Structure formats: structure tokens, C-alpha cells
>>> print(open('work07.txt').read())   # compact mmCIF, C-alpha atoms
# COMPACT_ATOMS: atom_id res chain seq x y z
CA MET A 1 -22.38 26.15 -9.73
CA ASP A 2 -23.23 24.80 -6.28
CA ALA A 3 -20.92 24.97 -3.27
CA VAL A 4 -19.39 21.53 -3.81
CA GLU A 5 -18.68 22.25 -7.48
CA ARG A 6 -17.10 25.55 -6.47
CA ASN A 7 -14.94 23.81 -3.88
CA ILE A 8 -13.78 21.25 -6.46
CA ALA A 9 -13.06 24.05 -8.92
CA ASN A 10 -10.97 25.79 -6.27
CA VAL A 11 -8.87 22.67 -5.72
CA ARG A 12 -8.19 22.58 -9.46
CA ARG A 13 -7.47 26.34 -9.56
CA LEU A 14 -4.97 26.02 -6.71
CA GLU A 15 -3.01 23.27 -8.46
CA ASP A 16 -3.06 25.27 -11.69
CA ALA A 17 -1.82 28.40 -9.88
CA PHE A 18 0.92 26.47 -8.04
CA SER A 19 2.06 24.93 -11.34
CA ARG A 20 2.51 28.48 -12.67
CA ARG A 21 4.12 29.60 -9.38
CA ASP A 22 1.37 32.21 -9.26
CA TYR A 23 0.53 33.03 -5.64
CA SER A 24 -1.75 35.99 -6.43
CA LEU A 25 -4.86 33.79 -6.16
CA VAL A 26 -3.90 32.17 -2.89
CA SER A 27 -5.96 34.51 -0.72
CA ASP A 28 -9.06 33.65 -2.77
CA LEU A 29 -8.42 29.92 -2.55
CA ILE A 30 -6.92 29.35 0.90
CA SER A 31 -8.10 30.60 4.29
CA THR A 32 -5.68 32.66 6.36
CA GLY A 33 -6.15 30.10 9.14
CA PHE A 34 -5.08 27.27 6.85
CA GLU A 35 -3.62 24.09 8.33
CA GLY A 36 -2.07 21.42 6.14
CA HIS A 37 -1.50 17.94 7.52
CA ASN A 38 0.88 16.37 5.05
CA PRO A 39 1.93 13.95 6.22
CA GLY A 40 -0.10 13.66 9.39
CA ALA A 41 2.72 14.03 11.88
CA TYR A 42 3.16 17.76 11.41
CA THR A 43 1.16 20.73 10.19
CA VAL A 44 1.91 23.12 7.34
CA THR A 45 0.96 26.78 7.33
CA LEU A 46 -0.10 28.77 4.30
CA ALA A 47 3.46 30.11 3.95
CA GLY A 48 4.80 26.60 4.29
CA LEU A 49 2.53 25.41 1.50
CA ALA A 50 3.99 28.00 -0.89
CA GLU A 51 7.54 27.20 0.25
CA ASN A 52 6.87 23.52 -0.34
CA ASN A 53 5.68 24.30 -3.86
CA GLU A 54 8.76 26.42 -4.54
CA SER A 55 10.99 23.57 -3.39
CA TRP A 56 9.33 21.20 -5.80
CA GLN A 57 9.37 23.72 -8.65
CA SER A 58 13.12 24.22 -8.06
CA ALA A 59 13.69 20.48 -7.97
CA MET A 60 11.66 19.86 -11.11
CA PRO A 61 11.18 23.01 -13.23
CA GLY A 62 8.15 22.67 -15.51
CA LYS A 63 6.68 19.93 -13.33
CA ARG A 64 3.20 18.98 -14.59
CA THR A 65 0.37 18.53 -12.09
CA GLU A 66 -2.96 16.99 -13.10
CA VAL A 67 -6.07 16.54 -10.97
CA VAL A 68 -7.07 13.07 -12.16
CA LEU A 69 -10.17 12.69 -10.00
CA ALA A 70 -12.08 15.01 -7.68
CA PHE A 71 -15.37 14.62 -5.87
CA GLY A 72 -16.94 16.18 -2.81
CA ARG A 73 -19.80 16.42 -0.36
CA GLY A 74 -20.56 19.08 2.20
CA ASP A 75 -17.38 20.98 3.00
CA ARG A 76 -15.01 18.21 1.86
CA VAL A 77 -13.26 17.54 -1.48
CA VAL A 78 -11.37 14.33 -2.20
CA ALA A 79 -8.82 14.39 -5.02
CA ARG A 80 -6.31 12.14 -6.75
CA ILE A 81 -3.51 14.24 -8.20
CA ARG A 82 -0.71 13.15 -10.54
CA ASP A 83 2.69 14.84 -10.58
CA ARG A 84 5.25 14.40 -13.35
CA GLY A 85 8.68 16.00 -13.69
CA ILE A 86 12.41 15.54 -14.14
CA ASN A 87 14.77 15.86 -11.16
CA THR A 88 17.17 18.48 -12.46
CA GLY A 89 17.41 20.48 -9.23
CA GLY A 90 17.62 17.91 -6.47
CA LEU A 91 15.35 17.08 -3.56
CA PRO A 92 17.58 17.94 -0.58
CA TRP A 93 14.76 17.48 1.95
CA LEU A 94 14.78 13.80 0.94
CA GLY A 95 18.57 13.56 0.60
CA ILE A 96 18.33 13.16 -3.17
CA PRO A 97 20.70 15.11 -5.47
CA ALA A 98 19.84 16.28 -9.00
CA ASN A 99 20.08 13.19 -11.20
CA GLY A 100 17.88 13.73 -14.27
CA MET A 101 15.53 10.90 -13.24
CA ALA A 102 11.83 11.11 -14.12
CA MET A 103 9.06 11.23 -11.52
CA ASP A 104 5.49 10.12 -12.15
CA VAL A 105 3.65 9.76 -8.84
CA ASP A 106 0.20 10.29 -7.42
CA TRP A 107 -0.95 11.85 -4.22
CA LEU A 108 -4.33 11.67 -2.53
CA GLN A 109 -5.79 14.69 -0.83
CA ILE A 110 -8.81 15.64 1.27
CA THR A 111 -9.59 19.31 1.80
CA ARG A 112 -12.06 21.09 4.07
CA HIS A 113 -13.51 24.34 2.72
CA ASP A 114 -15.12 27.34 4.39
CA ALA A 115 -18.40 28.98 3.30
CA LYS A 116 -16.53 30.97 0.65
CA GLY A 117 -14.93 27.87 -0.80
CA ARG A 118 -11.49 28.61 0.60
CA ILE A 119 -9.42 25.68 1.83
CA VAL A 120 -9.22 25.63 5.61
CA GLU A 121 -7.58 22.25 6.13
CA MET A 122 -5.75 19.83 3.86
CA TRP A 123 -4.66 16.22 4.35
CA ALA A 124 -2.36 15.03 1.57
CA LEU A 125 -0.34 11.85 1.18
CA ALA A 126 2.09 11.17 -1.66
CA ASP A 127 3.20 7.78 -2.90
CA VAL A 128 6.60 8.15 -1.22
CA PRO A 129 7.95 4.62 -1.85
CA ARG A 130 7.31 5.05 -5.57
CA LEU A 131 8.86 8.52 -5.55
CA LEU A 132 11.99 7.26 -3.79
CA SER A 133 12.27 4.34 -6.18
CA GLN A 134 11.95 6.60 -9.22
CA MET A 135 14.58 8.94 -7.78
CA GLY A 136 17.04 6.08 -7.33
CA ALA A 137 16.84 5.93 -3.56
CA ALA A 138 17.05 2.58 -1.79
CA LEU A 139 15.29 1.87 1.48
CA SER A 140 17.46 0.42 4.22
CA TRP A 141 17.24 -0.63 7.84
CA SER A 142 19.41 -2.35 10.40
CA ASP A 143 18.19 -5.54 12.11
CA MET B 1 -26.86 3.96 -4.31
CA THR B 2 -27.44 6.59 -1.67
CA PRO B 3 -24.51 8.21 0.16
CA GLY B 4 -25.62 6.41 3.30
CA GLU B 5 -25.57 3.04 1.55
CA LEU B 6 -22.10 3.69 0.17
CA GLU B 7 -20.85 4.67 3.61
CA GLY B 8 -22.40 1.54 5.13
CA ILE B 9 -20.64 -0.72 2.60
CA ALA B 10 -17.30 0.98 3.17
CA ARG B 11 -17.58 0.80 6.96
CA ARG B 12 -18.63 -2.87 6.79
CA PHE B 13 -15.56 -3.66 4.68
CA PHE B 14 -13.22 -1.97 7.14
CA GLU B 15 -14.90 -3.76 10.06
CA LEU B 16 -14.63 -7.15 8.34
CA VAL B 17 -10.94 -6.70 7.49
CA TYR B 18 -9.52 -4.88 10.49
CA ILE B 19 -11.85 -5.69 13.40
CA ARG B 20 -13.32 -9.12 12.65
CA ARG B 21 -10.37 -10.23 10.47
CA ASP B 22 -12.83 -12.14 8.27
CA LEU B 23 -11.23 -12.01 4.85
CA THR B 24 -13.68 -14.54 3.39
CA LEU B 25 -16.62 -12.22 3.95
CA ALA B 26 -14.52 -9.16 3.06
CA SER B 27 -13.37 -10.58 -0.27
CA GLY B 28 -17.02 -11.23 -1.11
CA LEU B 29 -17.46 -7.45 -1.23
CA LEU B 30 -14.86 -7.14 -4.01
CA ALA B 31 -16.10 -7.36 -7.61
CA GLU B 32 -14.53 -10.02 -9.82
CA THR B 33 -13.33 -7.15 -11.99
CA PHE B 34 -12.00 -5.20 -8.98
CA VAL B 35 -8.97 -3.07 -9.90
CA ASP B 36 -6.45 -1.85 -7.32
CA HIS B 37 -4.63 1.08 -8.93
CA LEU B 38 -2.17 2.08 -6.28
CA PRO B 39 0.45 1.26 -5.46
CA PRO B 40 1.36 0.12 -8.97
CA PRO B 41 1.35 -2.19 -10.76
CA SER B 42 -2.44 -2.36 -10.82
CA ILE B 43 -3.96 -5.60 -9.55
CA THR B 44 -7.19 -7.01 -11.01
CA GLY B 45 -9.59 -9.32 -9.15
CA PRO B 46 -10.15 -10.00 -5.44
CA VAL B 47 -7.32 -12.52 -4.94
CA GLY B 48 -4.41 -10.07 -4.82
CA PRO B 49 -6.01 -7.62 -2.37
CA THR B 50 -7.16 -10.48 -0.13
CA ALA B 51 -3.59 -11.81 0.00
CA HIS B 52 -2.38 -8.30 0.78
CA PHE B 53 -4.81 -7.96 3.70
CA LYS B 54 -3.83 -11.42 5.00
CA ALA B 55 -0.16 -10.42 4.97
CA LEU B 56 -1.01 -7.19 6.77
CA LEU B 57 -3.06 -8.96 9.46
CA ASP B 58 -0.38 -11.66 9.88
CA ALA B 59 2.23 -8.94 10.38
CA SER B 60 0.46 -7.23 13.27
CA ASP B 61 -1.44 -9.10 15.99
CA ASP B 62 -3.04 -5.92 17.31
CA LEU B 63 -3.65 -4.01 14.08
CA GLY B 64 -6.41 -1.45 14.54
CA VAL B 65 -8.13 1.17 12.45
CA GLU B 66 -10.06 4.35 13.11
CA ILE B 67 -11.98 6.08 10.32
CA LEU B 68 -11.26 9.80 10.73
CA ASP B 69 -13.11 11.15 7.70
CA LEU B 70 -15.45 9.66 5.12
CA VAL B 71 -16.77 11.40 2.00
CA THR B 72 -19.18 9.88 -0.53
CA GLU B 73 -20.39 11.17 -3.87
CA GLY B 74 -21.85 9.26 -6.82
CA ARG B 75 -20.01 5.92 -6.88
CA TRP B 76 -17.00 7.24 -4.96
CA VAL B 77 -15.99 6.90 -1.33
CA GLY B 78 -13.00 8.75 0.13
CA ILE B 79 -11.68 7.66 3.52
CA ARG B 80 -8.98 9.06 5.76
CA GLY B 81 -8.06 6.46 8.33
CA ARG B 82 -5.63 5.89 11.15
CA TYR B 83 -3.85 2.53 11.31
CA PHE B 84 -2.03 1.49 14.43
CA GLY B 85 -0.50 -1.59 16.00
CA THR B 86 2.72 -3.47 16.60
CA ASP B 87 5.05 -4.96 14.00
CA THR B 88 4.86 -8.54 15.28
CA GLY B 89 5.25 -10.36 11.98
CA GLY B 90 7.27 -8.23 9.57
CA ILE B 91 4.90 -5.52 8.39
CA TYR B 92 7.35 -4.12 5.85
CA PRO B 93 8.11 -6.61 3.05
CA GLY B 94 11.56 -8.13 3.47
CA MET B 95 12.11 -6.66 6.94
CA ALA B 96 12.08 -8.88 10.02
CA ALA B 97 9.58 -8.04 12.78
CA ARG B 98 11.09 -5.87 15.47
CA GLY B 99 8.13 -5.29 17.73
CA ARG B 100 7.96 -1.57 17.00
CA ARG B 101 4.72 0.35 17.34
CA PHE B 102 3.31 2.21 14.37
CA ASP B 103 0.51 4.75 14.17
CA VAL B 104 0.02 6.22 10.71
CA GLU B 105 -2.68 7.74 8.54
CA GLY B 106 -3.81 6.69 5.10
CA ILE B 107 -6.14 8.03 2.42
CA ASP B 108 -8.17 5.65 0.27
CA ILE B 109 -10.54 6.21 -2.63
CA PHE B 110 -12.98 3.44 -3.57
CA ALA B 111 -15.46 3.11 -6.42
CA ILE B 112 -18.51 0.97 -5.63
CA ASP B 113 -20.58 -0.57 -8.44
CA GLU B 114 -24.37 -0.78 -8.70
CA SER B 115 -24.43 -4.18 -7.00
CA GLY B 116 -22.73 -2.74 -3.92
CA LYS B 117 -19.33 -4.30 -4.57
CA PHE B 118 -15.98 -2.55 -4.64
CA ALA B 119 -14.92 -1.96 -8.25
CA GLU B 120 -11.77 0.17 -7.85
CA HIS B 121 -9.35 1.30 -5.17
CA ILE B 122 -6.52 3.77 -4.84
CA GLY B 123 -4.77 4.08 -1.50
CA ILE B 124 -1.71 5.72 0.03
CA VAL B 125 -0.39 5.25 3.56
CA ASP B 126 1.77 7.89 5.24
CA MET B 127 5.03 6.05 4.57
CA ARG B 128 7.25 8.87 5.80
CA ASP B 129 5.83 8.46 9.29
CA ALA B 130 5.71 4.67 8.94
CA MET B 131 9.33 4.49 7.84
CA SER B 132 10.40 6.67 10.73
CA GLU B 133 8.49 4.62 13.27
CA LEU B 134 9.68 1.30 11.86
CA GLY B 135 13.30 2.43 11.60
CA ILE B 136 13.58 2.49 7.80
CA SER B 137 15.73 5.10 6.08
CA SER B 138 16.08 6.18 2.47
CA SER B 139 19.66 7.34 2.82
CA GLY B 140 21.18 4.73 0.59
CA LEU B 141 21.14 6.16 -2.91
CA LEU B 142 21.74 3.84 -5.85
>>> encode(input="work07.txt", output="C-alpha cells")
Amino acid sequence: MDAVERNIANVRRLEDAFSRRDYSLVSDLISTGFEGHNPGAYTVTLAGLAENNESWQSAMPGKRTEVVLAFGRGDRVVARIRDRGINTGGLPWLGIPANGMAMDVDWLQITRHDAKGRIVEMWALADVPRLLSQMGAALSWSD
Amino acid sequence: MTPGELEGIARRFFELVYIRRDLTLASGLLAETFVDHLPPPSITGPVGPTAHFKALLDASDDLGVEILDLVTEGRWVGIRGRYFGTDTGGIYPGMAARGRRFDVEGIDIFAIDESGKFAEHIGIVDMRDAMSELGISSSGLL
């Protein structure tokens, strides 16, 4: 397995571990100096990444995450990831209560890896308009 | 195709659309069987994406792009870009132009076929930042 294949495998291992709420592998997969940029306006620390996962797991217990596509070159891995679940716990950070509605959305992610394959930086964007629509949220603005 | 060739095709497409605003030449880089997967529903053929780009360009007189990261492998190209400009023509569907500035990032994945044309695309723009900058809220729950 070359370095790029290892990096791609680590992206898949991280999603698998997060799906199981297993944080024992995190130190093998993520650098201590990790910075997540999702979305780009603010950064997420390693602790924040785990907290974010816990929020989603509470909102949608048993949520299924699938890496649909992954490719890489050098120290970068690009991935398309699909998330499916049922909103039984609510998404308070988006102002959405528990409502039993089904989510099936994608997010796109680019990661930068160190020489050991650990993720140093992550840029991830979810299909927010689709998520909001599936959760019954309406977009509004005042003219 | 080599990684360098793939990168060259992708950069040329971005230049044609966002810098030169030449959608005739840009649409020529899309395969007849081009499939745009995201956002759903999927669109097949170059007509839909070309209309989408025209609407985008019409909605912002000073729309600009900066490619921040570009990764190629096999037939795939991944791009992280920054899109910035002013909402001069109603950049969000159904919302009147209000002259607000926006500066958001997006991630795109393209597949390029053996003839050098775009065969597939998946793309997501940072809508949480875009909504905030354009004054859109998601507070109204159905």
C-alpha cells in the first residue's frame, strides 16, 4: 500500500470509527495539530470534530455514513461522502427539533495528511440546502 | 490523460466561465452525456449546466474565482475554490438582488473522459456562509 492508498484508507477508517462512536483510533488517524475548515468561515479542532460527531449521532442514532468516492495525490485526499439517518433527536444547532424526517445528503471533503497518513487539515462542505429541505426547514429573507 | 493535462482542462474551464465569461467555448468542454449529480436532481447534457452558469454570471457583475486547491488522479479532478462578488442580479433563486457582497468556498469533483471533456460533476458551495452573507435564514420551519 503506497502513501496515497494509506491516506485514502485512513479517511475511510475515520468515518467508520465515527459511525461507531469509537474515538480510540483518532490519535492514529488525526494529527494533534488538526484544523478543520467546515465550513470555511471557522476552524474546528480535534475535540470539536468529535463533539460535532456526537451531536450528529445524538440527532440521528444509527446514522449511516458511506464513502462513495475517494481519490488522492501527494498529501491530499478528495472524498464524496453520503450520510443517511432519521432525525429522532433534533438538530438544535440548526434550529430544527426532532421530527422523524429522513436525511440523505452528501458532503464533499478534501483532507491533507502528514507523513504518517494522519489528517492535518480538513475542508468539508455539506449539501446544506438539501439537508434543510429534508428536515422541513424553509429558507426565508426580508427584502 | 496525465495529471497535468487534467489540471489544464479544469483550469481552462474555470477561466472560460468565470474570467472570460465565454459560455459557448466552456460548454464545448462538456460531453454530450455530461451528468451533473449535485445538487439533485441530476442533470444530463451540457444545456442545463450552461444555463446555470449564465444565471450565475447574470446575477453578479463582478463574480470572481480563485482556485485554492486542485487534486487530480485517474479521471478525477477535485477543486476547492473561492467565489466572490456582489449580488447585482439576484444570485439566490427567487430572491431580489440586494447588492450584498459574498465570499464563499466550494468543493467540486469532476470526471474527465478520454477525449478531454467533462463527463461528470458533483459540487457543493458553502451555503451556510453564503446564506449568512446574503441575509437568508432557515428559521421558518414548515
>>> residues_near_point(input="work07.txt", point="(-21.8, 21.1, 1.9)", cutoff="9 Å", atoms="only C-alpha atoms", output="ChimeraX atom specification")
/A:3-4,72-76,113,115
>>> write_last_selection(input="work07.txt", atoms="C-alpha atoms", output="PDB file, in the coordinates of the input")
ATOM      1  CA  ALA A   3     -20.920  24.970  -3.270  1.00  0.00           C
ATOM      2  CA  VAL A   4     -19.390  21.530  -3.810  1.00  0.00           C
ATOM      3  CA  GLY A  72     -16.940  16.180  -2.810  1.00  0.00           C
ATOM      4  CA  ARG A  73     -19.800  16.420  -0.360  1.00  0.00           C
ATOM      5  CA  GLY A  74     -20.560  19.080   2.200  1.00  0.00           C
ATOM      6  CA  ASP A  75     -17.380  20.980   3.000  1.00  0.00           C
ATOM      7  CA  ARG A  76     -15.010  18.210   1.860  1.00  0.00           C
ATOM      8  CA  HIS A 113     -13.510  24.340   2.720  1.00  0.00           C
ATOM      9  CA  ALA A 115     -18.400  28.980   3.300  1.00  0.00           C
TER      10      ALA A 115
END
>>> closest_residue(input="work07.txt", among="A:His37, A:Arg20, A:Lys116, A:Arg64", to="chain B", atoms="only C-alpha atoms")
A:His37
>>> residues_around(input="work07.txt", residues="Val67 (chain A)", least_positions_apart="3", cutoff="12 Å", atoms="all atoms listed in the file", output="list in words")
Ile8, Ala9, Asn10, Val11, Arg12, Arg13, Leu14, Glu15, Asp16, Ser19, Arg64, Ala70, Phe71, Val77, Val78, Ala79, Arg80, Ile81, Arg82, Asp83, Arg84, Asp106, Trp107, Leu108 and Gln109 of chain A
>>> atom_distance(input="work07.txt", atom1="CA of Ser133 (chain A)", atom2="CA of Thr111 (chain A)")
27.7 Å
>>> residues_around(input="work07.txt", residues="Gly8 (chain B)", least_positions_apart="6", cutoff="12 Å", atoms="only C-alpha atoms", output="VMD selection string")
chain B and resid 1 to 2 14 to 15 70 to 72 77 112 116 to 117
>>> closest_residue(input="work07.txt", among="B:Glu114, B:Pro49, B:Trp76, B:Arg21", to="Leu63 (chain B)", atoms="all atoms listed in the file")
B:Arg21
>>> closest_residue(input="work07.txt", among="A:Ser31, A:Ser58, A:Gln134, A:Thr65", to="chain B", atoms="all atoms listed in the file")
A:Gln134
>>> atom_distance(input="work07.txt", atom1="CA of Glu54 (chain A)", atom2="CA of Ser24 (chain A)")
14.3 Å
>>> closest_residue(input="work07.txt", among="A:Asp114, A:Glu51, A:Glu5, A:Lys63", to="Phe34 (chain A)", atoms="all atoms listed in the file")
A:Asp114
>>> closest_residue(input="work07.txt", among="A:Val26, A:Val120, A:Leu69, A:Met103", to="chain B", atoms="all atoms listed in the file")
A:Leu69
>>> atom_distance(input="work07.txt", atom1="CA of Lys54 (chain B)", atom2="CA of Ala26 (chain B)")
11.1 Å
>>> residues_around(input="work07.txt", residues="Trp56 (chain A)", least_positions_apart="3", cutoff="10 Å", atoms="only C-alpha atoms", output="PDB file with C-alpha atoms, in the frame of the given file")
ATOM      1  CA  SER A  19       2.060  24.930 -11.340  1.00  0.00           C
ATOM      2  CA  ALA A  50       3.990  28.000  -0.890  1.00  0.00           C
ATOM      3  CA  GLU A  51       7.540  27.200   0.250  1.00  0.00           C
ATOM      4  CA  ASN A  52       6.870  23.520  -0.340  1.00  0.00           C
ATOM      5  CA  ASN A  53       5.680  24.300  -3.860  1.00  0.00           C
ATOM      6  CA  ALA A  59      13.690  20.480  -7.970  1.00  0.00           C
ATOM      7  CA  MET A  60      11.660  19.860 -11.110  1.00  0.00           C
ATOM      8  CA  PRO A  61      11.180  23.010 -13.230  1.00  0.00           C
ATOM      9  CA  GLY A  62       8.150  22.670 -15.510  1.00  0.00           C
ATOM     10  CA  LYS A  63       6.680  19.930 -13.330  1.00  0.00           C
ATOM     11  CA  GLY A  85       8.680  16.000 -13.690  1.00  0.00           C
ATOM     12  CA  ASN A  87      14.770  15.860 -11.160  1.00  0.00           C
ATOM     13  CA  GLY A  89      17.410  20.480  -9.230  1.00  0.00           C
ATOM     14  CA  GLY A  90      17.620  17.910  -6.470  1.00  0.00           C
ATOM     15  CA  LEU A  91      15.350  17.080  -3.560  1.00  0.00           C
TER      16      LEU A  91
END
>>> closest_residue(input="work07.txt", among="A:Thr88, A:Asn7, A:Ile30, A:Glu35", to="Gln57 (chain A)", atoms="only C-alpha atoms")
A:Thr88
>>> axis_aligned_box(input="work07.txt", around="region 23-27 of chain A", padding_each_side="4 Å", output="lines of an AutoDock Vina configuration file")
center_x = -2.7
center_y = 34.1
center_z = -3.6
size_x = 14.5
size_y = 11.8
size_z = 13.7
>>> residues_near_point(input="work07.txt", point="(-0.4, 6.8, -2.1)", cutoff="8 Å", atoms="all atoms listed in the file", output="ChimeraX atom specification")
/A:106-108,125-128 /B:38-39,106-107,122-126
